[in-house]
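A.B. asks: Hey, dropping my_file.cif in here, mmCIF, C-alpha atoms:
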```
data_run
#
loop_
_atom_site.label_atom_id
_atom_site.label_comp_id
_atom_site.auth_asym_id
_atom_site.auth_seq_id
_atom_site.Cartn_x
_atom_site.Cartn_y
_atom_site.Cartn_z
CA SER A 1 0.00 0.00 0.00
CA VAL A 2 1.03 3.62 -0.35
CA ALA A 3 1.22 4.06 3.43
CA SER A 4 3.49 1.07 3.91
CA ARG A 5 5.67 2.14 0.96
CA GLY A 6 6.08 5.56 2.56
CA LEU A 7 7.18 3.98 5.83
CA GLY A 8 9.61 1.77 3.93
CA ASP A 9 11.10 4.84 2.26
CA VAL A 10 11.49 6.56 5.63
CA TYR A 11 13.12 3.43 7.06
CA LYS A 12 15.54 3.12 4.10
CA ARG A 13 16.55 6.75 4.41
CA GLN A 14 17.17 6.34 8.14
CA LEU A 15 19.37 3.31 7.44
CA LEU A 16 21.25 5.18 4.73
CA GLY A 17 22.10 8.16 6.92
CA LEU A 18 19.86 10.91 5.60
CA ARG A 19 21.55 14.29 6.05
CA SER A 20 18.51 16.44 5.31
CA ALA A 21 15.03 16.04 3.88
CA ASP A 22 16.28 15.26 0.37
CA ARG A 23 20.03 14.50 0.50
CA ILE A 24 21.61 11.14 1.22
CA SER A 25 25.29 10.70 1.95
CA ALA A 26 27.17 9.64 -1.21
CA VAL A 27 29.11 7.07 0.81
CA SER A 28 25.89 5.44 1.96
CA VAL A 29 24.54 5.38 -1.59
CA GLU A 30 27.78 3.78 -2.78
CA ASP A 31 27.58 1.14 -0.06
CA TRP A 32 23.97 0.39 -1.04
CA ILE A 33 24.88 0.10 -4.73
CA VAL A 34 27.84 -2.22 -4.02
CA THR A 35 25.68 -4.42 -1.80
CA GLN A 36 22.98 -4.68 -4.47
CA LEU A 37 25.50 -5.47 -7.22
CA ASN A 38 27.23 -8.08 -5.06
CA ASN A 39 23.82 -9.69 -4.52
CA GLY A 40 23.47 -10.10 -8.29
CA GLU A 41 21.19 -7.13 -8.92
CA VAL A 42 21.35 -5.20 -12.18
CA LEU A 43 21.02 -1.47 -11.50
CA THR A 44 20.43 1.71 -13.46
CA SER A 45 20.96 5.29 -12.32
CA ARG A 46 17.24 5.86 -12.73
CA HIS A 47 16.38 2.87 -10.52
CA VAL A 48 18.79 3.94 -7.77
CA ALA A 49 17.50 7.53 -7.88
CA ASP A 50 13.91 6.33 -7.62
CA GLU A 51 14.72 3.82 -4.89
CA LEU A 52 16.81 6.11 -2.67
CA GLY A 53 15.69 9.59 -3.61
CA ALA A 54 19.29 10.50 -4.49
CA ASP A 55 20.48 12.81 -7.26
CA ARG A 56 20.95 10.94 -10.56
CA LYS A 57 24.14 12.88 -11.44
CA GLU A 58 25.76 11.84 -8.14
CA ILE A 59 24.70 8.26 -8.77
CA SER A 60 26.30 8.34 -12.23
CA GLU A 61 29.51 9.61 -10.65
CA ILE A 62 29.41 6.76 -8.14
CA PHE A 63 28.93 4.21 -10.92
CA SER A 64 31.90 5.74 -12.80
CA HIS A 65 34.01 5.50 -9.64
CA LEU A 66 32.97 1.86 -9.15
CA ARG A 67 33.96 1.13 -12.75
CA ARG A 68 37.38 2.76 -12.26
CA THR A 69 37.95 0.77 -9.07
CA GLY A 70 36.92 -2.52 -10.66
CA LYS A 71 33.73 -3.05 -8.63
CA ALA A 72 31.15 -2.54 -11.39
CA ARG A 73 30.86 -2.56 -15.15
CA ILE A 74 28.28 -1.66 -17.75
CA ASP A 75 26.21 -4.64 -18.87
CA PRO A 76 27.50 -5.25 -22.42
CA THR A 77 24.06 -6.47 -23.55
CA GLY A 78 22.32 -3.18 -22.75
CA PRO A 79 22.56 0.54 -23.54
CA GLN A 80 26.06 1.96 -23.04
CA ARG A 81 24.99 5.50 -22.08
CA GLY A 82 22.18 7.30 -20.31
CA PRO A 83 19.93 6.72 -17.29
CA THR A 84 18.90 3.23 -18.45
CA THR A 85 22.49 1.94 -18.71
CA ARG A 86 22.54 -1.31 -16.76
CA TRP A 87 25.36 -1.81 -14.24
CA ILE A 88 26.51 -5.19 -12.98
CA ALA A 89 29.16 -6.47 -10.58
CA VAL A 90 32.58 -7.33 -11.95
#
```
Could you take the file, read its structure, and then write that structure out as structure tokens?

C.D. replies:
Amino acid sequence: SVASRGLGDVYKRQLLGLRSADRISAVSVEDWIVTQLNNGEVLTSRHVADELGADRKEISEIFSHLRRTGKARIDPTGPQRGPTTRWIAV
């Protein structure tokens, strides 16, 4: 239900270390992304932004960092650019 979804969003933001009403710590977002990828999830910037309420540009920067550090890569079977680019664990 909408009410339970709202409570879930509040709970997630509390777990992720919400700094203000609409900003989440980039470190917490990175930790969440890495955990999801390591659990076999395929993520997009759009999905992470919708799920966490984080800024899509910051999420893209985190994905780029994870690619540079060898923790994530772009799914070669999907789009290579844009908000629907699929990211997978290395």

A.B. asks: Under the rule that all atoms listed in the file are counted, which of A:Arg86, A:Thr44, A:Trp32, A:Asn39 is the nearest residue to Lys57 of chain A?

C.D. replies: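 Of all the options, A:Thr44 lies closest to Lys57 of chain A.
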
A.B. asks: Mind telling me what the PyMOL selection byres ((chain A and resi 82) around 10) catches here, as a ChimeraX atom specification?

C.D. replies: /A:44-46,60,79-81,83-86

A.B. asks: Find the distance between atom CA of Gly70 of chain A and atom CA of Glu51 of chain A and write it in Å to one decimal.

C.D. replies: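 Separation of atom CA of Gly70 of chain A and atom CA of Glu51 of chain A: 23.8 Å.
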
A.B. asks: Could you please determine the separation between atom CA of Glu41 of chain A and atom CA of Asp55 of chain A in Å, to one decimal place?

C.D. replies: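 Distance between the two atoms: 20.0 Å.
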
A.B. asks: Just the number, please: distance in Å from atom CA of Leu52 of chain A to atom CA of Ile33 of chain A, one decimal.

C.D. replies: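 Going from atom CA of Leu52 of chain A over to atom CA of Ile33 of chain A covers 10.3 Å.
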
A.B. asks: Could you expand the PyMOL selection byres ((chain A and resi 62-68) around 9) into the explicit residues it covers here, written as a PyMOL selection string?

C.D. replies: chain A and resi 26-27+29-30+33-34+45+57-61+69-74+87+90

A.B. asks: Of the candidates A:Val42, A:Ala49, A:Ala54, A:Pro76, which shows the shortest atom-to-atom distance to Ile88 of chain A, using all atoms listed in the file?

C.D. replies: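 Closest residue, counting all atoms listed in the file: A:Val42.
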